[in-house]
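Asks: What follows is structure.txt, made up of compact mmCIF, C-alpha atoms:
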# COMPACT_ATOMS: atom_id res chain seq x y z
CA MET A 207 31.02 27.27 17.91
CA LYS A 208 29.84 23.69 17.52
CA ILE A 209 30.69 21.19 20.21
CA TRP A 210 32.30 18.03 18.89
CA LYS A 211 30.54 14.86 19.93
CA ALA A 212 32.08 11.40 19.67
CA GLN A 213 30.13 8.96 17.56
CA ARG A 214 29.82 5.25 17.82
CA THR A 215 30.70 3.71 14.45
CA LEU A 216 28.91 0.71 13.04
CA LEU A 217 29.57 -1.25 9.87
CA ILE A 218 26.76 -3.48 8.61
CA VAL A 219 27.45 -5.66 5.59
CA GLY A 220 24.61 -7.15 3.60
CA GLU A 221 25.13 -10.36 1.67
CA GLY A 222 23.60 -8.95 -1.51
CA ALA A 223 21.71 -6.07 -3.03
CA VAL A 224 18.34 -6.85 -1.38
CA ASP A 225 19.98 -7.08 2.05
CA GLU A 226 21.76 -3.78 1.37
CA ALA A 227 18.49 -2.10 0.33
CA LEU A 228 16.76 -3.24 3.53
CA LEU A 229 19.69 -2.01 5.62
CA LEU A 230 19.78 1.38 3.85
CA TYR A 231 16.03 1.73 4.40
CA ALA A 232 16.38 0.92 8.13
CA LYS A 233 19.28 3.36 8.43
CA LYS A 234 17.23 6.16 6.87
CA LEU A 235 14.27 5.32 9.09
CA TYR A 236 16.13 5.07 12.40
CA VAL A 237 19.48 6.88 12.25
CA PRO A 238 19.09 10.65 11.91
CA ARG A 239 22.14 12.84 11.46
CA GLY A 240 23.76 13.94 14.68
CA CYS A 241 22.29 11.12 16.76
CA GLY A 242 25.69 9.88 17.93
CA LEU A 243 25.71 6.83 15.68
CA SER A 244 27.52 6.63 12.36
CA VAL A 245 26.38 3.68 10.25
CA LYS A 246 28.16 2.48 7.11
CA ILE A 247 26.24 0.01 4.94
CA LYS A 248 28.11 -2.16 2.44
CA ASN A 249 27.26 -4.99 0.04
CA ALA A 250 29.46 -8.10 -0.06
CA GLY A 251 28.21 -9.09 -3.51
CA GLY A 252 26.59 -12.40 -2.60
CA LYS A 253 28.38 -15.75 -2.96
CA GLY A 254 27.29 -17.23 0.37
CA ALA A 255 27.97 -16.85 4.06
CA SER A 256 31.66 -17.75 3.97
CA HIS A 257 32.38 -15.11 1.35
CA VAL A 258 30.40 -12.49 3.31
CA ILE A 259 32.39 -13.14 6.49
CA ASP A 260 35.74 -13.10 4.65
CA TRP A 261 34.77 -9.92 2.76
CA THR A 262 33.71 -8.26 6.02
CA ILE A 263 36.99 -9.18 7.72
CA ARG A 264 38.85 -7.46 4.86
CA GLN A 265 36.69 -4.34 5.34
CA MET A 266 37.59 -4.32 9.03
CA THR A 267 41.28 -4.07 8.15
CA ASN A 268 40.60 -0.97 6.01
CA ALA A 269 38.85 1.10 8.71
CA ALA A 270 38.18 0.94 12.44
CA TYR A 271 34.60 0.44 13.61
CA ASP A 272 33.24 0.18 17.13
CA GLU A 273 30.95 -2.63 16.04
CA VAL A 274 30.62 -4.80 12.94
CA ALA A 275 27.64 -6.87 11.85
CA VAL A 276 26.56 -8.85 8.81
CA LEU A 277 23.13 -9.67 7.41
CA LEU A 278 23.28 -12.96 5.55
CA ASP A 279 21.19 -15.90 4.44
CA THR A 280 21.67 -19.30 6.00
CA ASP A 281 20.66 -21.21 2.86
CA VAL A 282 24.14 -21.16 1.27
CA ASP A 283 27.30 -22.34 3.03
CA TRP A 284 26.49 -21.34 6.63
CA THR A 285 28.60 -23.80 8.65
CA PRO A 286 29.98 -24.04 12.20
CA ALA A 287 33.43 -23.10 10.83
CA VAL A 288 32.06 -19.90 9.27
CA GLU A 289 30.20 -19.10 12.48
CA LYS A 290 33.41 -19.61 14.49
CA ARG A 291 35.39 -17.30 12.16
CA ALA A 292 32.77 -14.57 12.64
CA ARG A 293 32.77 -15.02 16.41
CA GLN A 294 36.59 -14.85 16.56
CA LYS A 295 36.53 -11.51 14.71
CA LYS A 296 33.66 -10.22 16.90
CA ILE A 297 31.28 -9.89 13.97
CA ARG A 298 27.61 -9.94 14.95
CA VAL A 299 25.77 -12.20 12.56
CA MET A 300 22.16 -11.48 11.68
CA LYS A 301 21.01 -14.77 10.17
CA SER A 302 18.08 -14.59 7.75
CA ILE A 303 16.54 -18.04 7.99
CA PRO A 304 16.59 -19.27 5.27
CA SER A 305 16.80 -15.93 3.44
CA VAL A 306 15.97 -12.25 3.80
CA ASP A 307 13.08 -12.77 1.37
CA ALA A 308 11.54 -15.29 3.78
CA VAL A 309 12.01 -12.97 6.75
CA LEU A 310 10.30 -10.10 4.94
CA LEU A 311 7.41 -12.30 3.80
CA ARG A 312 6.88 -13.54 7.37
CA LEU A 313 6.81 -9.93 8.61
CA ILE A 314 3.75 -9.25 6.46
CA GLY A 315 2.10 -12.60 7.13
CA LYS A 316 2.74 -14.23 3.75
CA SER A 317 3.69 -17.82 2.95
CA THR A 318 7.35 -18.79 2.89
CA ALA A 319 6.86 -22.13 1.17
CA GLY A 320 9.11 -22.90 -1.76
CA ASP A 321 12.67 -22.36 -2.87
CA SER A 322 14.68 -19.14 -3.07
CA HIS A 323 13.36 -18.29 -6.54
CA ALA A 324 9.74 -18.72 -5.41
CA LEU A 325 10.31 -16.51 -2.35
CA LYS A 326 11.85 -13.72 -4.45
CA LYS A 327 8.96 -13.91 -6.89
CA ARG A 328 6.41 -13.78 -4.05
CA LEU A 329 8.13 -10.81 -2.36
CA ASN A 330 8.61 -8.72 -5.51
CA PRO A 331 5.08 -7.23 -5.72
CA TYR A 332 5.39 -5.92 -2.15
CA LEU A 333 8.50 -3.99 -3.21
CA ASN A 334 7.05 -2.67 -6.48
CA HIS A 335 9.25 -5.13 -8.39
CA ALA A 336 12.32 -3.13 -7.28
CA PRO A 337 13.74 -5.02 -4.27
CA THR A 338 17.11 -3.26 -4.53
CA ASP A 339 15.55 0.21 -4.12
CA PRO A 340 15.46 1.15 -0.41
CA ALA A 341 12.53 3.52 -0.95
CA GLN A 342 10.27 0.60 -1.93
CA TYR A 343 10.36 -0.84 1.60
CA ALA A 344 8.37 2.01 3.16
CA THR A 345 4.91 0.91 2.02
CA HIS A 346 4.85 -2.59 3.51
CA PHE A 347 7.77 -2.54 5.97
CA GLY A 348 7.25 0.65 7.95
CA ASP A 349 8.23 1.37 11.52
CA ALA A 350 5.25 -0.45 13.07
CA VAL A 351 5.89 -3.62 11.03
CA LEU A 352 9.59 -3.69 11.88
CA ARG A 353 9.02 -3.00 15.57
CA ALA A 354 6.35 -5.71 15.73
CA GLY A 355 8.63 -8.04 13.78
CA ARG A 356 11.36 -7.83 16.38
CA ARG A 357 9.26 -10.14 18.58
CA SER A 358 9.16 -12.96 16.03
CA GLU A 359 12.28 -12.44 13.89
CA ALA A 360 15.66 -12.49 15.64
CA VAL A 361 17.33 -10.84 12.64
CA ILE A 362 14.99 -7.82 12.92
CA ALA A 363 15.45 -7.66 16.70
CA THR A 364 19.24 -7.58 16.30
CA LEU A 365 19.09 -4.97 13.53
CA LEU A 366 16.91 -2.64 15.60
CA GLU A 367 19.14 -3.18 18.62
CA LEU A 368 22.23 -2.25 16.57
CA LEU A 369 20.46 0.91 15.36
CA ASN A 370 19.50 1.86 18.94
CA VAL A 371 15.76 1.54 18.31
CA ASP A 372 13.96 1.28 21.64
CA ASP A 373 11.11 -1.13 22.22
CA ASP A 374 8.25 1.32 22.67
CA PHE A 375 5.96 2.48 19.87
CA THR A 376 6.17 6.24 20.44
Any chance you could put this one into structure tokens?

Replies:
Amino acid sequence: MKIWKAQRTLLIVGEGAVDEALLLYAKKLYVPRGCGLSVKIKNAGGKGASHVIDWTIRQMTNAAYDEVAVLLDTDVDWTPAVEKRARQKKIRVMKSIPSVDAVLLRLIGKSTAGDSHALKKRLNPYLNHAPTDPAQYATHFGDAVLRAGRRSEAVIATLLELLNVDDDFT
């Protein structure tokens, strides 16, 4: 007879498809079945920080989670009012400054100069031109890169903390 074990539940909402792919990749890498953590990854469909927070609040009314977090860019509509709304609802905000593309490029030591379009174009080859496919993150954004990145990128540090990834490289 199996012994039932309570799980901590975590909802992480990505702003768009690239954010969702990164989150799904991290979940597969760090959250094995039966580890005591149940992670649900969702995609808010873009439209800026305010929309992501509002969309996440609606998801919270549909199901109970022990913890809720969002991964969003700060380049579109991130304001003190949006930040306050997230804080009031106890949503942990992982801010990609200015975007997740920039964060990923910094992790591998590449330039983050330019606008959003330029950053996407620069990142694409490192994801085999399929940035919405979680499997494409393994080559350039493996465990060692993400663990090292937690020291320089707050968004990566928070993500690994949420997924219960310890700080050693074993």

Asks: Given the choices A:Asp281, A:Met300, A:Ile314, A:His257, which gets closest to A:Thr345 if the distance is worked out from all atoms listed in the file?

Replies: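 Nearest to A:Thr345: A:Ile314.
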
Asks: Mind giving me the straight-line distance from atom CA of A:Asp349 to atom CA of A:Leu216 in Å, one decimal?

Replies: 20.7 Å

Asks: Please measure the separation of atom CA of A:Val282 and atom CA of A:Arg298, giving the value in Å to one decimal.

Replies: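 Spanning atom CA of A:Val282 to atom CA of A:Arg298 is a straight-line distance of 18.0 Å.
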
Asks: Which one is closest to A:Ile297: A:Val219, A:Ala363, A:Gly320, A:Ala350? Count only C-alpha atoms.

Replies: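 Nearest to A:Ile297: A:Val219.
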
Asks: Choose the residue, out of A:Leu366, A:Ala354, A:Ala255, A:Ala308, that has the smallest atom-to-atom separation from A:Asp283; count all atoms listed in the file.

Replies: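 Going through A:Leu366, A:Ala354, A:Ala255, A:Ala308 one by one, the smallest distance to A:Asp283 is for A:Ala255.
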
Asks: Choose the residue, out of A:Val288, A:Leu217, A:Ala344, A:Ile303, that has the smallest atom-to-atom separation from A:Ser244; count only C-alpha atoms.

Replies: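 Using only C-alpha atoms, the shortest distance to A:Ser244 belongs to A:Leu217.
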
Asks: Expressed in Å to a single decimal, how great is the separation between atom CA of A:Gly254 and atom CA of A:Gly222?

Replies: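 Going from atom CA of A:Gly254 over to atom CA of A:Gly222 covers 9.3 Å.
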
Asks: Mind working out the centre and edge lengths of an axis-aligned box for stretch 246-258 of chain A, all listed atoms inside, 6 Å added to each side, rounded to one decimal in Å and written as lines of an AutoDock Vina configuration file?

Replies:
center_x = 29.3
center_y = -7.6
center_z = 1.8
size_x = 18.1
size_y = 32.2
size_z = 22.6

Asks: Pick out the closest residue to A:Val224 from this set: A:Ala336, A:Ala292, A:Leu311, A:Val237. Count only C-alpha atoms.

Replies: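 Nearest to A:Val224: A:Ala336.
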
Asks: Using all atoms listed in the file, which of the listed residues (A:Thr267, A:Ser305, A:Ser322, A:Ser256) sits closest to A:Arg291?

Replies: A:Ser256
